[in-house]
Amino acid sequence: MVEERHITRDDEAAFLAAVGERVRNARARRGMSRKILARDSGVSERYLAQLESGAGNISILLLRQIARAMDLPMTDLLTDQAPLSVDLALLLRQMEDLSSEQLQELQKFIGDHFGIAPSAKRHIALIGLRGAGKTTLGRYIAGKYGLQFVEMAHEIETEAGASLNEIFDLYGQSAYRRFERRALERIISDPVPKIIATGGSLPSEPQTYANLLMHCFTIWLKASPEDHMDRVIAQGDMRPMRGQAEAMADLKRILVQREPLYARADMVFDTSGKSAEQAGAELVAALRSHPAWPTREAAA
């Protein structure tokens, strides 16, 4: 006998609200304004505002009903990937009921038994929002240990054969993400050890970030929202000053969304309230005492 599923208006409203929140949070993790998302997706800002407020198009509900009728997750109708194998589907099903702490314990177990140990990772990657000090401290560490320093922004431009502004203006953020993924794959495949300064939004791309975490000793350069803002302005970007209250609110929201992602790094270093010289000296000292620092022998 087929089980009947009665979908109430409250259920529909809750679902649309959840979809809107996921879109809004995903946009925050990527640091995208609604205007940019509208341009890149070809969807009007007005519709995006409705979607994020929980007033999405009825077609979303119809697709959900079709998925439910076939007893399938809605994502199965949206993904371009091949169906999961039985073993992988079973593993994913078993993981669904695990807590966040249990998932991290499982990831550590898999990493310890089947992955690359932090001390065996060839490259060092710095992550964090703009203004955290990735370029300054990256160059400092590279100089101390005789390592090559690369900035992902420059590597992405090389990969695309165009400037970042041209990539976004001509192709949109989805193309930028493709070039970012390819640039990282090229960098980490090089046997020469490197210090990599990444873009602030890289951790919001699961596949790219997973690749980074697997192959690079990763350091989250953490800073307060106020320090991030002050450093960006000191770099000559005066855009936040034209709407400082709104810019600060956006910055704090992005930090909230990305903090759990940044926290996956092998090491966390707080640069708040520190000069470049002080942060550099303290970071080198912290690295020398870190048990998984890849170049600890060179630092002795």
# chains A, B, ... in the order shown; residues from 1 in each chain; ligands from 1

$ select_by_dssp --residues "stretch 60-276 of chain A" --states "helix (DSSP H, G or I)" --output "ChimeraX atom specification"
/A:60-69,74-77,86-95,100-114,118-120,134-145,152-160,164-170,173-189,202-204,206-215,225-234,239-262,276

$ closest_atom_pairs --of "stretch 148-220 of chain A" --to "stretch 17-39 of chain A" --cutoff "10 Å" --atoms "only C-alpha atoms" --output "JSON lines"
{"residue": "A:Phe168", "atom": "CA", "partner": "A:Ile36", "partner_atom": "CA", "distance": 9.3}
{"residue": "A:Asp169", "atom": "CA", "partner": "A:Arg39", "partner_atom": "CA", "distance": 9.5}
{"residue": "A:Gly172", "atom": "CA", "partner": "A:Arg39", "partner_atom": "CA", "distance": 8.0}
{"residue": "A:Gln173", "atom": "CA", "partner": "A:Leu37", "partner_atom": "CA", "distance": 8.4}
{"residue": "A:Gly200", "atom": "CA", "partner": "A:Arg30", "partner_atom": "CA", "distance": 8.6}
{"residue": "A:Ser201", "atom": "CA", "partner": "A:Arg30", "partner_atom": "CA", "distance": 5.3}
{"residue": "A:Leu202", "atom": "CA", "partner": "A:Arg30", "partner_atom": "CA", "distance": 8.0}
{"residue": "A:Pro203", "atom": "CA", "partner": "A:Arg29", "partner_atom": "CA", "distance": 8.4}
{"residue": "A:Ser204", "atom": "CA", "partner": "A:Arg29", "partner_atom": "CA", "distance": 5.7}
{"residue": "A:Glu205", "atom": "CA", "partner": "A:Arg30", "partner_atom": "CA", "distance": 8.2}

$ closest_residue --among "A:Gln278, A:Leu212, A:Pro191, A:Leu103" --to "A:Met152" --atoms "only C-alpha atoms"
A:Leu212

$ atom_distance --atom1 "atom CA of A:Tyr176" --atom2 "atom CA of A:Ser44"
21.1 Å

$ residues_around --residues "stretch 153-156 of chain A" --least-positions-apart "2" --cutoff "6 Å" --atoms "only C-alpha atoms" --output "list in words"
Glu151, Thr158, Glu159, Phe179, Glu180 and Ala183 of chain A

$ closest_residue --among "A:Asn211, A:Thr8, A:Ser53, A:Thr271" --to "A:Lys134" --atoms "only C-alpha atoms"
A:Thr271

$ closest_residue --among "A:Thr135, A:Gln104, A:Ser272, A:Ser289" --to "A:Gly199" --atoms "only C-alpha atoms"
A:Thr135
